[in-house]
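final.tsv follows (TSV, C-alpha atoms):
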chain	number	residue	atom	x	y	z
A	1	LEU	CA	9.99	-15.48	-44.85
A	2	VAL	CA	8.01	-15.65	-41.60
A	3	LEU	CA	5.52	-13.09	-40.34
A	4	ASP	CA	3.97	-13.20	-36.88
A	5	PRO	CA	1.07	-10.72	-36.78
A	6	ARG	CA	0.43	-11.26	-33.06
A	7	ARG	CA	3.96	-10.28	-32.12
A	8	ARG	CA	4.30	-7.84	-35.03
A	9	SER	CA	7.56	-9.53	-35.98
A	10	ALA	CA	9.05	-10.77	-39.21
A	11	SER	CA	12.13	-12.75	-40.15
A	12	ARG	CA	13.85	-14.09	-43.22
A	13	ASP	CA	16.09	-17.13	-43.06
A	14	GLY	CA	16.05	-16.87	-39.27
A	15	ARG	CA	17.22	-13.23	-39.32
A	16	ALA	CA	14.88	-10.79	-37.56
A	17	LEU	CA	13.69	-7.88	-39.71
A	18	ASP	CA	13.39	-4.45	-38.13
A	19	LEU	CA	10.32	-3.19	-40.00
A	20	THR	CA	8.42	0.06	-39.64
A	21	PRO	CA	4.65	-0.28	-39.09
A	22	LYS	CA	3.99	0.57	-42.75
A	23	GLU	CA	6.58	-1.93	-44.01
A	24	PHE	CA	5.04	-4.58	-41.77
A	25	GLY	CA	1.56	-3.76	-43.11
A	26	VAL	CA	2.66	-3.94	-46.74
A	27	LEU	CA	4.47	-7.24	-46.13
A	28	ALA	CA	1.41	-8.68	-44.35
A	29	GLU	CA	-0.88	-7.77	-47.26
A	30	LEU	CA	1.52	-9.23	-49.81
A	31	LEU	CA	1.88	-12.48	-47.89
A	32	ARG	CA	-1.92	-12.73	-47.48
A	33	ALA	CA	-2.20	-12.67	-51.28
A	34	ASP	CA	-0.20	-15.93	-51.46
A	35	GLY	CA	1.81	-14.99	-54.55
A	36	ALA	CA	-0.95	-13.14	-56.38
A	37	PRO	CA	-0.30	-9.54	-57.40
A	38	VAL	CA	-1.63	-6.91	-55.00
A	39	SER	CA	-2.66	-3.56	-56.45
A	40	THR	CA	-1.16	-0.33	-55.22
A	41	VAL	CA	-4.69	0.92	-54.50
A	42	HIS	CA	-5.36	-2.11	-52.28
A	43	LEU	CA	-2.11	-1.59	-50.37
A	44	LEU	CA	-2.82	2.10	-49.88
A	45	GLU	CA	-6.36	1.42	-48.65
A	46	LYS	CA	-5.34	-1.36	-46.26
A	47	VAL	CA	-2.08	0.03	-44.87
A	48	TRP	CA	-2.82	3.76	-45.02
A	49	ASP	CA	-6.28	5.21	-45.41
A	50	ALA	CA	-8.60	6.17	-48.23
A	51	ASN	CA	-7.63	9.85	-47.95
A	52	LEU	CA	-4.01	9.30	-49.03
A	53	ASP	CA	-3.21	10.60	-52.50
A	54	PRO	CA	-2.39	7.50	-54.60
A	55	PHE	CA	0.11	9.58	-56.58
A	56	SER	CA	2.11	10.70	-53.53
A	57	GLY	CA	4.86	8.11	-54.00
A	58	VAL	CA	4.81	7.09	-50.34
A	59	LEU	CA	4.18	3.44	-51.23
A	60	LYS	CA	7.23	3.34	-53.50
A	61	VAL	CA	9.40	4.65	-50.67
A	62	VAL	CA	8.07	2.02	-48.25
A	63	VAL	CA	8.52	-0.77	-50.82
A	64	HIS	CA	12.09	0.38	-51.47
A	65	GLY	CA	12.91	0.18	-47.77
A	66	LEU	CA	11.18	-3.18	-47.44
A	67	ARG	CA	13.14	-4.60	-50.38
A	68	ARG	CA	16.39	-3.45	-48.80
A	69	LYS	CA	15.51	-5.04	-45.47
A	70	LEU	CA	14.35	-8.31	-47.05
A	71	GLY	CA	17.75	-8.69	-48.73
A	72	ASP	CA	18.87	-11.03	-51.47
A	73	PRO	CA	17.75	-12.92	-53.37
A	74	PRO	CA	14.85	-10.55	-54.03
A	75	VAL	CA	11.40	-11.83	-53.08
A	76	LEU	CA	9.33	-8.66	-53.54
A	77	HIS	CA	8.60	-8.00	-57.21
A	78	THR	CA	6.90	-5.20	-59.11
A	79	VAL	CA	4.03	-6.24	-61.36
A	80	PRO	CA	4.00	-3.48	-64.03
A	81	GLY	CA	0.69	-1.69	-64.30
A	82	HIS	CA	-0.74	-3.44	-61.25
A	83	GLY	CA	1.30	-3.41	-58.05
A	84	TYR	CA	3.52	-5.86	-56.19
A	85	ARG	CA	3.79	-9.54	-55.30
A	86	ILE	CA	5.91	-11.86	-53.19

Structure re-expressed in structure tokens:
Amino acid sequence: LVLDPRRRSASRDGRALDLTPKEFGVLAELLRADGAPVSTVHLLEKVWDANLDPFSGVLKVVVHGLRRKLGDPPVLHTVPGHGYRI
């Protein structure tokens, strides 16, 4: 999994990923964490803004799309009660 923030591009196994800006932001935050779990609140604050309702479900929708685009085997995992990790 390769992320190039300067070019705003990402790839997995040499295959380019067509990510939305929010998917790219979530992926960047997860990769920055280097395998540690990242809270949903952190993701919402960093990728959206502090005014977003944390119960809106928008993060789940973005994560679902990101998982689909990342393909198999899965690399994006839910950490129950906390958030997500790669």

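Between CA of Val47 in chain A and CA of Leu27 in chain A the interatomic distance comes to 9.9 Å.
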
>> Excluding Glu29 in chain A and its own-chain neighbours fewer than 6 positions away, which residues fall within 9 Å of it when counting all atoms listed in the file? Please give them as a list in words.
In response: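 Near Glu29 in chain A, the qualifying residues are Val38, His42, Leu43, Lys46 and Val47 of chain A.
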
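For range 78-86 of chain A, the set of protein, DNA and RNA residues having any atom at most 8 Å away, when counting only C-alpha atoms and skipping those fewer than 2 positions along the same chain, is Leu30, Leu31, Ala33, Asp34, Gly35, Ala36, Pro37, Val38, Ser39, Thr40, Val75 and Leu76 of chain A.
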
> Separation of CA of Arg67 in chain A and CA of Pro5 in chain A, in Å?
Replying inline: 19.2 Å

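Across the model, the gap from CA of Asp4 in chain A to CA of Val62 in chain A is 19.4 Å.
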
> Between A:Val58, A:Arg32, A:Val2, A:Pro73, which is the closest to Arg15 in chain A once you count only C-alpha atoms?
Replying inline: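 Result for the nearest residue to Arg15 in chain A: A:Val2.
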
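Closest approach to Val41 in chain A among A:Leu1, A:Ala28, A:Ala16, A:Leu59 is made by A:Leu59 (distances from all atoms listed in the file).
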
Have range 6-17 of chain A completed to all heavy atoms, please, and pass it along as a short mmCIF file (atom, residue, chain, number, x, y, z; two decimals), in the frame of the given file.
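The resulting file, part16.cif, is shown below:
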data_model
loop_
_atom_site.label_atom_id
_atom_site.label_comp_id
_atom_site.auth_asym_id
_atom_site.auth_seq_id
_atom_site.Cartn_x
_atom_site.Cartn_y
_atom_site.Cartn_z
N ARG A 6 0.69 -11.47 -34.50
CA ARG A 6 0.43 -11.26 -33.06
C ARG A 6 1.58 -10.52 -32.39
O ARG A 6 1.36 -9.66 -31.55
CB ARG A 6 0.22 -12.58 -32.37
CG ARG A 6 -1.11 -13.19 -32.63
CD ARG A 6 -1.24 -14.41 -31.80
NE ARG A 6 -2.63 -14.62 -31.46
CZ ARG A 6 -3.08 -15.73 -31.00
NH1 ARG A 6 -2.28 -16.75 -30.79
NH2 ARG A 6 -4.36 -15.86 -30.72
N ARG A 7 2.78 -10.91 -32.72
CA ARG A 7 3.96 -10.28 -32.12
C ARG A 7 4.49 -9.12 -32.95
O ARG A 7 5.44 -8.45 -32.55
CB ARG A 7 5.07 -11.31 -31.94
CG ARG A 7 4.68 -12.37 -30.95
CD ARG A 7 5.82 -13.30 -30.69
NE ARG A 7 5.40 -14.29 -29.71
CZ ARG A 7 5.92 -15.48 -29.60
NH1 ARG A 7 6.89 -15.85 -30.40
NH2 ARG A 7 5.47 -16.31 -28.69
N ARG A 8 3.86 -8.89 -34.10
CA ARG A 8 4.30 -7.84 -35.03
C ARG A 8 5.79 -8.00 -35.33
O ARG A 8 6.57 -7.05 -35.26
CB ARG A 8 4.01 -6.44 -34.49
CG ARG A 8 2.58 -6.20 -34.14
CD ARG A 8 1.73 -5.32 -34.95
NE ARG A 8 2.29 -4.34 -35.82
CZ ARG A 8 1.78 -4.12 -37.04
NH1 ARG A 8 0.79 -4.82 -37.48
NH2 ARG A 8 2.30 -3.20 -37.79
N SER A 9 6.17 -9.25 -35.66
CA SER A 9 7.56 -9.53 -35.98
C SER A 9 7.65 -10.25 -37.31
O SER A 9 6.69 -10.89 -37.76
CB SER A 9 8.21 -10.37 -34.88
OG SER A 9 7.61 -11.65 -34.81
N ALA A 10 8.80 -10.12 -37.94
CA ALA A 10 9.05 -10.77 -39.21
C ALA A 10 10.51 -11.21 -39.25
O ALA A 10 11.38 -10.58 -38.64
CB ALA A 10 8.75 -9.83 -40.36
N SER A 11 10.76 -12.29 -39.99
CA SER A 11 12.13 -12.75 -40.15
C SER A 11 12.29 -13.39 -41.52
O SER A 11 11.31 -13.82 -42.14
CB SER A 11 12.50 -13.76 -39.06
OG SER A 11 11.70 -14.91 -39.16
N ARG A 12 13.52 -13.42 -41.97
CA ARG A 12 13.85 -14.09 -43.22
C ARG A 12 15.09 -14.93 -42.97
O ARG A 12 16.09 -14.41 -42.50
CB ARG A 12 14.10 -13.09 -44.35
CG ARG A 12 14.44 -13.82 -45.64
CD ARG A 12 14.42 -12.96 -46.83
NE ARG A 12 14.65 -13.78 -48.02
CZ ARG A 12 15.00 -13.31 -49.18
NH1 ARG A 12 15.16 -12.01 -49.34
NH2 ARG A 12 15.21 -14.12 -50.19
N ASP A 13 14.99 -16.20 -43.28
CA ASP A 13 16.09 -17.13 -43.06
C ASP A 13 16.61 -17.06 -41.63
O ASP A 13 17.82 -17.10 -41.40
CB ASP A 13 17.22 -16.88 -44.06
CG ASP A 13 16.78 -17.08 -45.51
OD1 ASP A 13 15.93 -17.95 -45.74
OD2 ASP A 13 17.30 -16.37 -46.39
N GLY A 14 15.69 -16.91 -40.68
CA GLY A 14 16.05 -16.87 -39.27
C GLY A 14 16.59 -15.54 -38.78
O GLY A 14 16.88 -15.37 -37.61
N ARG A 15 16.71 -14.56 -39.67
CA ARG A 15 17.22 -13.23 -39.32
C ARG A 15 16.04 -12.30 -39.08
O ARG A 15 15.19 -12.11 -39.96
CB ARG A 15 18.11 -12.71 -40.46
CG ARG A 15 18.67 -11.32 -40.26
CD ARG A 15 19.52 -10.89 -41.45
NE ARG A 15 18.86 -11.05 -42.74
CZ ARG A 15 18.12 -10.11 -43.33
NH1 ARG A 15 17.92 -8.95 -42.75
NH2 ARG A 15 17.59 -10.34 -44.52
N ALA A 16 15.97 -11.72 -37.89
CA ALA A 16 14.88 -10.79 -37.56
C ALA A 16 14.95 -9.55 -38.45
O ALA A 16 16.04 -9.04 -38.73
CB ALA A 16 14.96 -10.38 -36.10
N LEU A 17 13.79 -9.09 -38.88
CA LEU A 17 13.69 -7.88 -39.71
C LEU A 17 13.15 -6.75 -38.86
O LEU A 17 12.12 -6.90 -38.21
CB LEU A 17 12.77 -8.14 -40.90
CG LEU A 17 13.14 -9.29 -41.83
CD1 LEU A 17 12.03 -9.53 -42.84
CD2 LEU A 17 14.46 -9.01 -42.52
#
